[in-house]
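Chemist: Pasting in a structure now, in structure tokens, and then I'll have a few things to ask.
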Amino acid sequence: VVEGGVILDVIDGRPAPGADHIMLDDGILSPGLIDVQINGCFGVDFVQASDDEWETVCRALPGFGVTAFQPTFVTNPIDAMVAGLRRFAAVRPRLEAAGGAHAVGVHIEGPFISPERRGVHDVAYMVAPTPENLDALLDDATVREQITMLTLAPELPGALEAIRRLSAAGIIVSVGHSDALGAQVHDAVVAGARMVTHIFNAQRGFGHREPGVSGQ
């Protein structure tokens, strides 16, 4: 028995049908899942997605238990990522009106990551988080307001200042695809980093003398 978002009671048996509750014959009733990293699905690459493809994804995800998600852009040329963010900004009102899973904002995974821990990301598009490269993502309010999270490697030149700037803009900074030492991760946390992207995967591992990304 749930009232006002609070579980009030757990009862035996099944109450009579009524207008104020839903009766399920089978299955599992649970809170919707919130997926913070979906790089693409159902044949859709979010960086290049059309309006119809965005709506297809939002309508399909609840069938897998996902009611909110953070679409994630993999490493691409910065101008391609900016164009993708503009398309997302334009389609968001349509997605909200259509229903389905709620796209909370975009997670930018790369291009500010380490070639040493690239995973499936294309090293040809990886760049340092220089002020000029950040300008392309942050200077235009329409583009900036779509970004909720950004994954970077804190050992890259200029990364600490980038973390401070991104954090000040209200963007969650996550350490990932990184070969950073524990001390470098510590410095990233002090600068404002708050998460680790797919911990233990595509990053320096935990060692007995060097904690790396996961240990720090």
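Letters for chains follow the order of the structure tokens (A, B, ...), residue numbers begin at 1 for each chain, and ligand numbers begin at 1 in the order shown.
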Counting only C-alpha atoms, what is within 10 Å of A:Pro31, bar same-chain residues fewer than 3 positions away, as a list in words?
Modeler: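 Close residues of A:Pro31: Ile28, Ile34, Gly65, Val66 and Thr67 of chain A.
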Chemist: Tell me, which residues of stretch 49-199 of chain A carry DSSP strand (DSSP E or B), written as a ChimeraX atom specification?
Modeler: /A:66-73,102-103,106-109,147-152,172-175,178,195-196
Chemist: Sort by chain and increasing residue number a table of all residues of stretch 175-198 of chain A within 9 Å of stretch 147-160 of chain A, each with its closest pair of atoms and their distance in Å to one decimal, counting only C-alpha atoms, and write it as a Markdown table.
Modeler:
| residue | atom | partner | partner_atom | distance |
| --- | --- | --- | --- | --- |
| A:Val175 | CA | A:Leu152 | CA | 5.4 |
| A:Gly176 | CA | A:Leu152 | CA | 5.6 |
| A:His177 | CA | A:Ala153 | CA | 6.1 |
| A:Ser178 | CA | A:Ala153 | CA | 4.5 |
| A:Asp179 | CA | A:Ala153 | CA | 7.3 |
| A:Ala180 | CA | A:Glu155 | CA | 5.4 |
| A:Leu181 | CA | A:Glu155 | CA | 8.0 |
| A:Gln184 | CA | A:Glu155 | CA | 6.3 |
| A:Val185 | CA | A:Pro154 | CA | 6.6 |
| A:Asp187 | CA | A:Leu160 | CA | 7.5 |
| A:Ala188 | CA | A:Pro154 | CA | 6.0 |
| A:Ala191 | CA | A:Leu160 | CA | 6.1 |
| A:Gly192 | CA | A:Leu160 | CA | 8.6 |
| A:Met195 | CA | A:Thr151 | CA | 8.7 |
| A:Val196 | CA | A:Thr151 | CA | 8.1 |
| A:Thr197 | CA | A:Thr151 | CA | 6.8 |
Chemist: Write out the residues from the selection above, keeping all heavy atoms, as a short mmCIF file (atom, residue, chain, number, x, y, z; two decimals), in the first residue's frame.
Modeler:
data_model
loop_
_atom_site.label_atom_id
_atom_site.label_comp_id
_atom_site.auth_asym_id
_atom_site.auth_seq_id
_atom_site.Cartn_x
_atom_site.Cartn_y
_atom_site.Cartn_z
N VAL A 175 35.62 10.83 -13.66
CA VAL A 175 36.92 10.34 -14.11
C VAL A 175 36.71 9.03 -14.85
O VAL A 175 36.03 8.12 -14.35
CB VAL A 175 37.86 10.13 -12.91
CG1 VAL A 175 39.17 9.48 -13.35
CG2 VAL A 175 38.12 11.45 -12.19
N GLY A 176 37.26 8.92 -16.04
CA GLY A 176 37.10 7.69 -16.79
C GLY A 176 37.99 7.64 -18.01
O GLY A 176 38.54 8.67 -18.43
N HIS A 177 38.14 6.43 -18.58
CA HIS A 177 39.06 6.22 -19.70
C HIS A 177 40.38 6.91 -19.39
O HIS A 177 40.88 7.71 -20.16
CB HIS A 177 38.45 6.71 -21.01
CG HIS A 177 37.36 5.82 -21.52
ND1 HIS A 177 37.62 4.67 -22.24
CD2 HIS A 177 36.02 5.88 -21.37
CE1 HIS A 177 36.48 4.08 -22.54
NE2 HIS A 177 35.48 4.78 -22.01
N SER A 178 40.92 6.57 -18.23
CA SER A 178 42.03 7.32 -17.66
C SER A 178 43.14 6.39 -17.18
O SER A 178 42.87 5.32 -16.61
CB SER A 178 41.52 8.15 -16.47
OG SER A 178 42.59 8.66 -15.72
N ASP A 179 44.38 6.82 -17.39
CA ASP A 179 45.55 6.10 -16.87
C ASP A 179 46.15 6.85 -15.69
O ASP A 179 47.33 6.71 -15.39
CB ASP A 179 46.59 5.94 -17.99
CG ASP A 179 47.60 4.83 -17.70
OD1 ASP A 179 47.19 3.78 -17.20
OD2 ASP A 179 48.80 5.03 -17.97
N ALA A 180 45.32 7.63 -15.02
CA ALA A 180 45.81 8.50 -13.94
C ALA A 180 46.31 7.70 -12.74
O ALA A 180 45.80 6.63 -12.41
CB ALA A 180 44.69 9.44 -13.49
N LEU A 181 47.31 8.26 -12.08
CA LEU A 181 47.76 7.75 -10.79
C LEU A 181 46.78 8.20 -9.71
O LEU A 181 46.01 9.14 -9.90
CB LEU A 181 49.16 8.28 -10.48
CG LEU A 181 50.25 7.95 -11.51
CD1 LEU A 181 51.53 8.70 -11.15
CD2 LEU A 181 50.49 6.46 -11.59
N GLN A 184 46.79 11.85 -8.93
CA GLN A 184 46.13 12.68 -9.95
C GLN A 184 44.61 12.62 -9.81
O GLN A 184 43.92 13.63 -10.02
CB GLN A 184 46.57 12.23 -11.34
CG GLN A 184 48.04 12.50 -11.63
CD GLN A 184 48.50 11.85 -12.92
OE1 GLN A 184 48.28 10.66 -13.15
NE2 GLN A 184 49.17 12.64 -13.76
N VAL A 185 44.09 11.47 -9.45
CA VAL A 185 42.66 11.35 -9.20
C VAL A 185 42.27 12.19 -7.98
O VAL A 185 41.24 12.87 -7.97
CB VAL A 185 42.25 9.89 -9.00
CG1 VAL A 185 40.77 9.77 -8.66
CG2 VAL A 185 42.57 9.07 -10.25
N ASP A 187 43.72 14.91 -6.96
CA ASP A 187 43.71 16.30 -7.39
C ASP A 187 42.43 16.62 -8.18
O ASP A 187 41.88 17.73 -8.07
CB ASP A 187 44.94 16.60 -8.25
CG ASP A 187 46.23 16.59 -7.45
OD1 ASP A 187 46.17 16.68 -6.21
OD2 ASP A 187 47.31 16.49 -8.08
N ALA A 188 41.95 15.64 -8.96
CA ALA A 188 40.72 15.84 -9.72
C ALA A 188 39.53 16.00 -8.80
O ALA A 188 38.64 16.84 -9.03
CB ALA A 188 40.51 14.68 -10.68
N ALA A 191 39.53 19.35 -7.33
CA ALA A 191 39.11 20.33 -8.34
C ALA A 191 37.61 20.29 -8.60
O ALA A 191 37.06 21.25 -9.14
CB ALA A 191 39.87 20.10 -9.64
N GLY A 192 36.93 19.17 -8.24
CA GLY A 192 35.49 19.13 -8.41
C GLY A 192 34.92 17.87 -9.03
O GLY A 192 33.70 17.75 -9.17
N MET A 195 32.53 11.65 -9.79
CA MET A 195 32.14 10.28 -10.14
C MET A 195 33.30 9.57 -10.84
O MET A 195 34.29 10.19 -11.23
CB MET A 195 30.92 10.28 -11.06
CG MET A 195 29.63 10.73 -10.41
SD MET A 195 28.20 10.62 -11.53
CE MET A 195 28.12 8.86 -11.82
N VAL A 196 33.15 8.26 -11.00
CA VAL A 196 34.03 7.45 -11.83
C VAL A 196 33.16 6.72 -12.84
O VAL A 196 32.15 6.11 -12.47
CB VAL A 196 34.84 6.43 -11.00
CG1 VAL A 196 35.70 5.57 -11.92
CG2 VAL A 196 35.73 7.15 -9.99
N THR A 197 33.53 6.79 -14.10
CA THR A 197 32.76 6.15 -15.16
C THR A 197 33.16 4.69 -15.30
O THR A 197 34.34 4.39 -15.42
CB THR A 197 32.97 6.90 -16.49
OG1 THR A 197 32.43 8.22 -16.37
CG2 THR A 197 32.29 6.18 -17.65
#
Chemist: Go through A:Ala136, A:Leu61, A:Leu85, A:Leu24 and flag the residue nearest A:Gly40, using only C-alpha atoms for the distances.
Modeler: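 Among the listed residues, the smallest separation from A:Gly40 belongs to A:Leu61.
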Chemist: If DSSP is run on the backbone, what residues of chain A are alpha helix (DSSP H)? A reply as number ranges by chain would be ideal.
Modeler: A: 51-60, 78-98, 131-138, 141-144, 159-168, 182-191, 212-215
Chemist: Tell me, as a CSV table (one decimal) with all heavy atoms, in the first residue's frame, which residues lie within 8 Å of A:Gly84, counting only C-alpha atoms; anything in the same chain fewer than 5 positions away does not count.
Modeler:
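Below is the file that was written, around-v4.csv:
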chain,number,residue,atom,x,y,z
A,46,PHE,N,23.4,8.2,-30.7
A,46,PHE,CA,22.9,9.5,-30.2
A,46,PHE,C,23.5,10.7,-30.8
A,46,PHE,O,22.9,11.7,-31.0
A,46,PHE,CB,22.9,9.5,-28.7
A,46,PHE,CG,22.0,8.6,-28.0
A,46,PHE,CD1,22.5,7.8,-27.0
A,46,PHE,CD2,20.7,8.5,-28.4
A,46,PHE,CE1,21.6,6.9,-26.3
A,46,PHE,CE2,19.8,7.6,-27.7
A,46,PHE,CZ,20.3,6.8,-26.7
A,47,VAL,N,24.8,10.6,-31.1
A,47,VAL,CA,25.5,11.8,-31.7
A,47,VAL,C,24.9,12.2,-33.0
A,47,VAL,O,24.8,13.4,-33.3
A,47,VAL,CB,27.0,11.5,-31.9
A,47,VAL,CG1,27.7,12.7,-32.5
A,47,VAL,CG2,27.7,11.2,-30.5
A,48,GLN,N,24.4,11.2,-33.8
A,48,GLN,CA,23.9,11.4,-35.1
A,48,GLN,C,22.4,11.3,-35.2
A,48,GLN,O,21.8,11.4,-36.3
A,48,GLN,CB,24.5,10.4,-36.1
A,48,GLN,CG,26.0,10.4,-36.1
A,48,GLN,CD,26.6,11.7,-36.6
A,48,GLN,OE1,26.0,12.4,-37.3
A,48,GLN,NE2,27.9,11.9,-36.2
A,49,ALA,N,21.7,11.1,-34.1
A,49,ALA,CA,20.3,10.7,-34.1
A,49,ALA,C,19.4,11.8,-34.7
A,49,ALA,O,19.5,12.9,-34.4
A,49,ALA,CB,19.8,10.4,-32.6
Chemist: To one decimal in Å, tell me the separation between atom CA of A:Arg165 and atom CA of A:Ala141.
Modeler: 14.4 Å
Chemist: Which neighbours of A:Asp25 fall inside 12 Å, counting only C-alpha atoms, when residues of the same chain fewer than 4 positions from it are skipped, and could you give them as a list in words?
Modeler: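 Using only C-alpha atoms, the neighbours found are Arg14, Pro17 and Leu29 of chain A.
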Chemist: Go ahead and save the picked residues with C-alpha atoms, as a compact mmCIF listing (two decimals), in the first residue's frame.
Modeler:
# COMPACT_ATOMS: atom_id res chain seq x y z
CA ARG A 14 -5.47 -9.07 -3.20
CA PRO A 17 -10.38 -3.61 -7.83
CA LEU A 29 6.17 -4.03 -10.03
Chemist: Need to verify the contact set: stretch 69-82 of chain A, 6 Å, only C-alpha atoms, exclusion of same-chain residues closer than 4 positions in sequence. Can you return it as a list in words?
Modeler: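 Here the qualifying residues turn out to be Ile34, Asp35, Val36, Gln37, Ile38, Asn39, Val47, Ala103, Val104, Gly105, Val106, His107, Ile108, Glu109, Gly110, Pro111, His121 and Tyr125 of chain A.
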Chemist: Restricting it to N, CA and C atoms, dump the selection as a compact mmCIF listing (two decimals), in the first residue's frame.
Modeler:
# COMPACT_ATOMS: atom_id res chain seq x y z
N ILE A 34 16.94 4.15 -13.78
CA ILE A 34 17.54 5.36 -14.34
C ILE A 34 18.93 4.98 -14.83
N ASP A 35 19.12 4.98 -16.14
CA ASP A 35 20.39 4.56 -16.74
C ASP A 35 21.23 5.79 -17.06
N VAL A 36 22.38 5.91 -16.42
CA VAL A 36 23.19 7.12 -16.59
C VAL A 36 24.15 7.03 -17.76
N GLN A 37 24.19 5.87 -18.43
CA GLN A 37 25.09 5.76 -19.58
C GLN A 37 24.54 4.77 -20.60
N ILE A 38 23.89 5.32 -21.61
CA ILE A 38 23.48 4.54 -22.79
C ILE A 38 24.11 5.24 -23.99
N ASN A 39 25.09 4.59 -24.60
CA ASN A 39 25.78 5.21 -25.73
C ASN A 39 24.97 5.16 -27.02
N VAL A 47 24.83 10.61 -31.11
CA VAL A 47 25.51 11.78 -31.68
C VAL A 47 24.87 12.17 -33.01
N ALA A 103 14.62 11.69 -21.12
CA ALA A 103 16.03 11.96 -21.38
C ALA A 103 16.45 13.14 -20.51
N VAL A 104 17.25 12.87 -19.48
CA VAL A 104 17.53 13.89 -18.47
C VAL A 104 18.58 14.89 -18.90
N GLY A 105 19.36 14.59 -19.92
CA GLY A 105 20.46 15.43 -20.35
C GLY A 105 21.58 14.53 -20.85
N VAL A 106 22.56 15.11 -21.51
CA VAL A 106 23.57 14.33 -22.22
C VAL A 106 24.83 14.15 -21.38
N HIS A 107 25.34 12.92 -21.40
CA HIS A 107 26.64 12.58 -20.82
C HIS A 107 27.65 12.58 -21.96
N ILE A 108 28.64 13.46 -21.88
CA ILE A 108 29.70 13.53 -22.88
C ILE A 108 30.86 12.64 -22.41
N GLU A 109 31.07 11.52 -23.10
CA GLU A 109 32.14 10.59 -22.74
C GLU A 109 33.26 10.73 -23.78
N GLY A 110 34.25 11.53 -23.46
CA GLY A 110 35.23 11.91 -24.45
C GLY A 110 34.82 13.24 -25.06
N PRO A 111 35.69 13.89 -25.82
CA PRO A 111 36.96 13.39 -26.37
C PRO A 111 38.17 13.60 -25.46
N HIS A 121 36.72 3.72 -28.03
CA HIS A 121 36.71 5.09 -28.55
C HIS A 121 37.81 5.28 -29.59
N TYR A 125 40.07 11.08 -32.59
CA TYR A 125 39.26 12.23 -32.18
C TYR A 125 39.55 12.70 -30.76
Chemist: Work out how far apart atom CA of A:Gly32 and atom CA of A:Arg94 are and give it in Å to one decimal.
Modeler: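 About the pair atom CA of A:Gly32 and atom CA of A:Arg94: they are 21.4 Å apart.
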Chemist: What is the distance, in Å and to one decimal place, between atom CA of A:Gly182 and atom CA of A:Arg164?
Modeler: 18.7 Å
Chemist: Identify which of the residues A:Asp51, A:Asp12, A:Asp139, A:Glu116 lies closest to A:Val91, counting only C-alpha atoms when measuring atom-to-atom distances.
Modeler: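 Looking only at the distances to A:Val91, the closest residue turns out to be A:Asp51.
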